[in-house]
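Structure file coords_34.tsv; described as TSV, C-alpha atoms.
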```tsv
chain	number	residue	atom	x	y	z
I	1089	MET	CA	-52.15	-1.25	90.77
I	1090	ASN	CA	-49.02	-2.42	92.52
I	1091	LYS	CA	-45.85	-0.40	92.23
I	1092	LEU	CA	-44.07	-1.36	89.00
I	1093	SER	CA	-40.52	-0.26	89.63
I	1094	THR	CA	-38.46	-3.29	88.63
I	1095	MET	CA	-38.39	-5.68	85.72
I	1096	ASN	CA	-39.69	-8.47	87.97
I	1097	ASP	CA	-42.59	-6.24	89.08
I	1098	VAL	CA	-43.50	-5.67	85.44
I	1099	LEU	CA	-43.27	-9.35	84.57
I	1100	ASP	CA	-45.28	-10.36	87.65
I	1101	PHE	CA	-47.96	-7.84	86.61
I	1102	ALA	CA	-48.04	-9.31	83.09
I	1103	ILE	CA	-48.09	-12.90	84.38
I	1104	SER	CA	-51.04	-12.01	86.60
I	1105	GLY	CA	-52.81	-10.48	83.61
I	1106	GLU	CA	-52.37	-13.66	81.57
I	1107	SER	CA	-53.71	-15.73	84.46
I	1108	LYS	CA	-56.75	-13.47	84.81
I	1109	ALA	CA	-57.39	-13.70	81.06
I	1110	ALA	CA	-57.27	-17.51	81.25
I	1111	GLU	CA	-59.73	-17.43	84.15
I	1112	LEU	CA	-62.06	-15.14	82.18
I	1113	TYR	CA	-62.05	-17.38	79.10
I	1114	THR	CA	-62.62	-20.45	81.30
I	1115	LYS	CA	-65.52	-18.76	83.07
I	1116	ILE	CA	-67.15	-17.76	79.78
I	1117	ALA	CA	-66.56	-21.26	78.36
I	1118	ALA	CA	-68.46	-22.77	81.27
I	1119	THR	CA	-71.57	-20.81	80.24
I	1120	ALA	CA	-71.34	-21.34	76.47
I	1121	ASN	CA	-74.15	-23.41	74.97
I	1122	ASN	CA	-72.35	-24.05	71.69
I	1123	PRO	CA	-69.83	-26.90	72.19
I	1124	TRP	CA	-67.50	-25.55	69.47
I	1125	VAL	CA	-67.45	-22.06	71.01
I	1126	ARG	CA	-66.88	-23.64	74.45
I	1127	LYS	CA	-63.93	-25.64	73.12
I	1128	THR	CA	-62.51	-22.56	71.40
I	1129	LEU	CA	-62.76	-20.54	74.62
I	1130	GLU	CA	-61.03	-23.33	76.52
I	1131	GLY	CA	-58.29	-23.20	73.88
I	1132	PHE	CA	-57.96	-19.43	74.35
I	1133	ALA	CA	-57.61	-20.02	78.11
I	1134	GLN	CA	-54.81	-22.53	77.47
I	1135	GLU	CA	-53.05	-20.04	75.19
I	1136	GLU	CA	-53.18	-17.40	77.93
I	1137	LEU	CA	-51.66	-19.89	80.37
I	1138	GLN	CA	-48.89	-20.60	77.84
I	1139	HIS	CA	-48.24	-16.86	77.54
I	1140	GLY	CA	-47.90	-16.76	81.33
I	1141	LYS	CA	-45.40	-19.64	81.23
I	1142	LYS	CA	-43.39	-17.78	78.60
I	1143	LEU	CA	-43.31	-14.69	80.81
I	1144	LYS	CA	-42.22	-16.81	83.76
I	1145	ALA	CA	-39.34	-18.09	81.62
I	1146	VAL	CA	-38.41	-14.49	80.81
I	1147	ARG	CA	-38.53	-13.66	84.52
I	1148	ALA	CA	-36.25	-16.64	85.27
I	1149	GLY	CA	-33.77	-15.50	82.60
I	1150	ARG	CA	-34.37	-18.50	80.32
I	1151	MET	CA	-35.70	-16.44	77.42
I	1152	ALA	CA	-36.02	-12.82	76.29
I	1153	LEU	CA	-38.94	-10.78	75.03
I	1154	LYS	CA	-38.51	-9.70	71.42
I	1155	ARG	CA	-40.06	-6.83	69.54
I	1156	GLU	CA	-40.81	-7.61	65.92
I	1157	GLY	CA	-43.45	-5.08	64.89
I	1158	VAL	CA	-47.01	-6.17	64.27
I	1159	GLY	CA	-49.49	-4.78	61.79
I	1160	ASP	CA	-52.94	-3.67	62.87
I	1161	LEU	CA	-56.11	-4.20	60.87
I	1162	GLY	CA	-57.89	-1.62	63.00
I	1163	LEU	CA	-60.96	-3.77	63.62
I	1164	ALA	CA	-61.02	-3.17	67.38
I	1165	GLU	CA	-61.98	0.44	66.80
I	1166	LYS	CA	-64.59	-0.37	64.13
I	1167	LEU	CA	-66.43	-3.25	65.77
I	1168	ASP	CA	-69.14	-2.85	68.38
I	1169	ASP	CA	-68.43	-4.26	71.83
I	1170	VAL	CA	-69.71	-7.76	72.52
I	1171	GLU	CA	-70.66	-8.94	75.98
I	1172	PRO	CA	-70.17	-12.66	76.53
I	1173	HIS	CA	-73.42	-14.62	76.62
I	1174	PRO	CA	-74.31	-18.33	76.57
I	1175	ASP	CA	-75.43	-18.30	72.91
I	1176	MET	CA	-72.39	-16.43	71.59
I	1177	ASP	CA	-71.36	-17.49	68.09
I	1178	TYR	CA	-67.81	-17.68	66.74
I	1179	PRO	CA	-67.73	-14.19	65.14
I	1180	GLU	CA	-68.97	-12.68	68.42
I	1181	LEU	CA	-66.31	-14.63	70.29
I	1182	LEU	CA	-63.64	-13.24	67.97
I	1183	VAL	CA	-64.91	-9.68	68.47
I	1184	PHE	CA	-64.79	-10.19	72.24
I	1185	ALA	CA	-61.21	-11.53	71.98
I	1186	ILE	CA	-60.14	-8.67	69.64
I	1187	LYS	CA	-61.46	-6.11	72.11
I	1188	LYS	CA	-59.82	-7.85	75.09
I	1189	GLU	CA	-56.43	-8.02	73.39
I	1190	ASN	CA	-56.79	-4.40	72.28
I	1191	LEU	CA	-57.35	-3.30	75.88
I	1192	SER	CA	-54.25	-5.21	77.00
I	1193	HIS	CA	-52.23	-3.70	74.17
I	1194	GLY	CA	-53.39	-0.22	75.14
I	1195	LEU	CA	-52.57	-0.77	78.81
I	1196	TYR	CA	-49.01	-1.90	78.10
I	1197	SER	CA	-48.50	0.92	75.58
I	1198	ARG	CA	-49.67	3.52	78.11
I	1199	LEU	CA	-47.43	2.04	80.79
I	1200	ALA	CA	-44.46	2.20	78.40
I	1201	SER	CA	-45.09	5.91	77.90
I	1202	ILE	CA	-45.19	6.55	81.67
I	1203	PHE	CA	-41.85	5.02	82.59
I	1204	THR	CA	-38.54	6.72	81.86
I	1205	GLU	CA	-36.27	3.75	82.53
I	1206	PRO	CA	-35.39	2.30	79.09
I	1207	GLU	CA	-35.45	-1.34	80.23
I	1208	LEU	CA	-38.99	-0.99	81.63
I	1209	GLN	CA	-40.16	0.94	78.57
I	1210	GLU	CA	-38.83	-1.77	76.26
I	1211	THR	CA	-40.44	-4.51	78.33
I	1212	PHE	CA	-43.83	-2.79	78.23
I	1213	LEU	CA	-43.48	-2.19	74.49
I	1214	ALA	CA	-42.60	-5.86	73.93
I	1215	LEU	CA	-45.63	-6.90	76.01
I	1216	ALA	CA	-47.81	-4.50	74.01
I	1217	GLU	CA	-46.56	-6.07	70.79
I	1218	GLN	CA	-47.39	-9.55	72.07
I	1219	GLU	CA	-50.96	-8.43	72.72
I	1220	ALA	CA	-51.10	-6.76	69.30
I	1221	GLU	CA	-49.95	-10.03	67.74
I	1222	HIS	CA	-52.76	-11.92	69.48
I	1223	LYS	CA	-55.26	-9.26	68.41
I	1224	ARG	CA	-54.06	-9.40	64.79
I	1225	ARG	CA	-54.54	-13.17	64.73
I	1226	PHE	CA	-58.14	-12.77	65.89
I	1227	GLU	CA	-58.71	-9.89	63.44
I	1228	MET	CA	-57.46	-11.95	60.52
I	1229	GLU	CA	-59.71	-14.84	61.51
I	1230	TYR	CA	-62.68	-12.47	61.83
I	1231	GLU	CA	-62.00	-10.95	58.43
I	1232	SER	CA	-61.75	-14.39	56.82
I	1233	LEU	CA	-65.18	-15.26	58.24
I	1234	THR	CA	-66.94	-12.03	57.36
I	1235	SER	CA	-65.41	-11.07	54.02
```
Show this structure as structure tokens.
Amino acid sequence: MNKLSTMNDVLDFAISGESKAAELYTKIAATANNPWVRKTLEGFAQEELQHGKKLKAVRAGRMALKREGVGDLGLAEKLDDVEPHPDMDYPELLVFAIKKENLSHGLYSRLASIFTEPELQETFLALAEQEAEHKRRFEMEYESLTS
């Protein structure tokens, strides 16, 4: 991991993470046999690119990250891991996305606890909340399908 000592370092790290997530979703979409799952994955990739653009705007000083508090349904801990595969169905896709967002949330939360500089801590906590928000959206969709 690169040295994360300034706000720009943190934002560049987060922007890179969003780009990698978009690449992952695009790669999985290319192997999906189900056209609807493929289209959904392509949509997830576009969302990740939009998140990256938002972070670039924060880095340029055109917007600020906000912390609003996000609830957690706790599904990431209860659901079994899903490896992407060509015949993945929508519930499996949601589980994969829940787990991915949960990992990102955990990473940013851990990084927030490591740093002592308040501005960096707040930035990591705001990034963690963004990932938690994405995870909650996927959790709610999963619950609506399986309940």
(Q) Counting all atoms listed in the file, find residues at most 12 Å from (-61.5, -3.8, 75.4) (file frame) and give them as a list of chain:residue names. (A) I:Leu1163, I:Ala1164, I:Glu1165, I:Leu1167, I:Asp1168, I:Asp1169, I:Val1170, I:Glu1171, I:Val1183, I:Phe1184, I:Ala1185, I:Ile1186, I:Lys1187, I:Lys1188, I:Glu1189, I:Asn1190, I:Leu1191, I:Ser1192, I:His1193, I:Gly1194, I:Leu1195, I:Glu1219, I:Lys1223
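Closest approach to Ser1232 of chain I from the set I:Glu1207, I:Leu1112, I:Leu1182, I:Asn1122 is made by I:Leu1182, with distances taken over only C-alpha atoms.
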Q | From I:Gly1105, I:Lys1166, I:Leu1143, I:Pro1174, residue lying nearest Leu1129 of chain I [all atoms listed in the file] | A | I:Pro1174
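Our summary of the geometry notes that atom CA of Phe1226 of chain I is positioned 15.5 Å from atom CA of Gln1134 of chain I.
Proximity ranking of I:Ser1104, I:Glu1156, I:Pro1172, I:Leu1092 relative to Lys1144 of chain I places I:Ser1104 first, based on all atoms listed in the file.
Residues lying within 6 Å of (-56.5, -18.2, 79.0). Counted over only C-alpha atoms, they are Ala1109, Ala1110, Tyr1113, Phe1132, Ala1133, Gln1134, Glu1135, Glu1136 and Leu1137 of chain I.
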Deliver the residues from the most recent selection as a file, using C-alpha atoms, as a CSV table (one decimal), keeping the file's coordinate frame.
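Once written, result.csv looks like this:
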```
chain,number,residue,atom,x,y,z
I,1109,ALA,CA,-57.4,-13.7,81.1
I,1110,ALA,CA,-57.3,-17.5,81.2
I,1113,TYR,CA,-62.0,-17.4,79.1
I,1132,PHE,CA,-58.0,-19.4,74.4
I,1133,ALA,CA,-57.6,-20.0,78.1
I,1134,GLN,CA,-54.8,-22.5,77.5
I,1135,GLU,CA,-53.0,-20.0,75.2
I,1136,GLU,CA,-53.2,-17.4,77.9
I,1137,LEU,CA,-51.7,-19.9,80.4
```
Q: Please measure the separation of atom CA of Thr1128 of chain I and atom CA of Val1098 of chain I, giving the value in Å to one decimal.
A: 29.0 Å
Q: Give the answer as one residue: which of I:Glu1221, I:Lys1154, I:Arg1147, I:Glu1180 has the shortest atom-to-atom distance to Met1095 of chain I, using only C-alpha atoms?
A: I:Arg1147
Q | Contact residues around Ser1201 of chain I with all atoms listed in the file at 12 Å, ignoring same-chain residues under 5 positions, as number ranges by chain | A | I: 1194-1196, 1206, 1208-1213, 1216
Keeping only C-alpha atoms, take the residues you just selected and write them out as a PDB file, in the frame of the given file.
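File out09.pdb, as written:
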```pdb
ATOM      1  CA  GLY I1194     -53.390  -0.220  75.140  1.00  0.00           C
ATOM      2  CA  LEU I1195     -52.570  -0.770  78.810  1.00  0.00           C
ATOM      3  CA  TYR I1196     -49.010  -1.900  78.100  1.00  0.00           C
ATOM      4  CA  PRO I1206     -35.390   2.300  79.090  1.00  0.00           C
ATOM      5  CA  LEU I1208     -38.990  -0.990  81.630  1.00  0.00           C
ATOM      6  CA  GLN I1209     -40.160   0.940  78.570  1.00  0.00           C
ATOM      7  CA  GLU I1210     -38.830  -1.770  76.260  1.00  0.00           C
ATOM      8  CA  THR I1211     -40.440  -4.510  78.330  1.00  0.00           C
ATOM      9  CA  PHE I1212     -43.830  -2.790  78.230  1.00  0.00           C
ATOM     10  CA  LEU I1213     -43.480  -2.190  74.490  1.00  0.00           C
ATOM     11  CA  ALA I1216     -47.810  -4.500  74.010  1.00  0.00           C
TER      12      ALA I1216
END
```
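Interatomic distance, atom CA of Gly1149 of chain I against atom CA of Glu1130 of chain I: 29.0 Å.
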Q: Can you work out which one of I:Gln1218, I:Ser1107, I:Thr1114, I:Asn1096 has the shortest atom-to-atom distance to Gly1157 of chain I, counting all atoms listed in the file?
A: I:Gln1218
Any idea what's packed within 9 Å of Tyr1178 of chain I, counting only C-alpha atoms, ignoring anything in its chain fewer than 6 positions away? Could you give it as a short mmCIF file (atom, residue, chain, number, x, y, z; two decimals) with C-alpha atoms, keeping the file's coordinate frame?
```cif
data_model
loop_
_atom_site.label_atom_id
_atom_site.label_comp_id
_atom_site.auth_asym_id
_atom_site.auth_seq_id
_atom_site.Cartn_x
_atom_site.Cartn_y
_atom_site.Cartn_z
CA TRP I 1124 -67.50 -25.55 69.47
CA VAL I 1125 -67.45 -22.06 71.01
CA THR I 1128 -62.51 -22.56 71.40
CA TYR I 1230 -62.68 -12.47 61.83
#
```
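Of the residues under consideration (I:Ser1093, I:Thr1234, I:Gly1131, I:Leu1099), I:Gly1131 shows the shortest atom-to-atom contact distance to Ile1116 of chain I when counting only C-alpha atoms.
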(Q) Give me, as a list in words, all polymer residues having an atom no more than 10 Å from Asp1160 of chain I, counting only C-alpha atoms and skipping those fewer than 5 positions away in the same chain. (A) Ala1220, Glu1221, Lys1223, Arg1224, Arg1225, Glu1227 and Met1228 of chain I
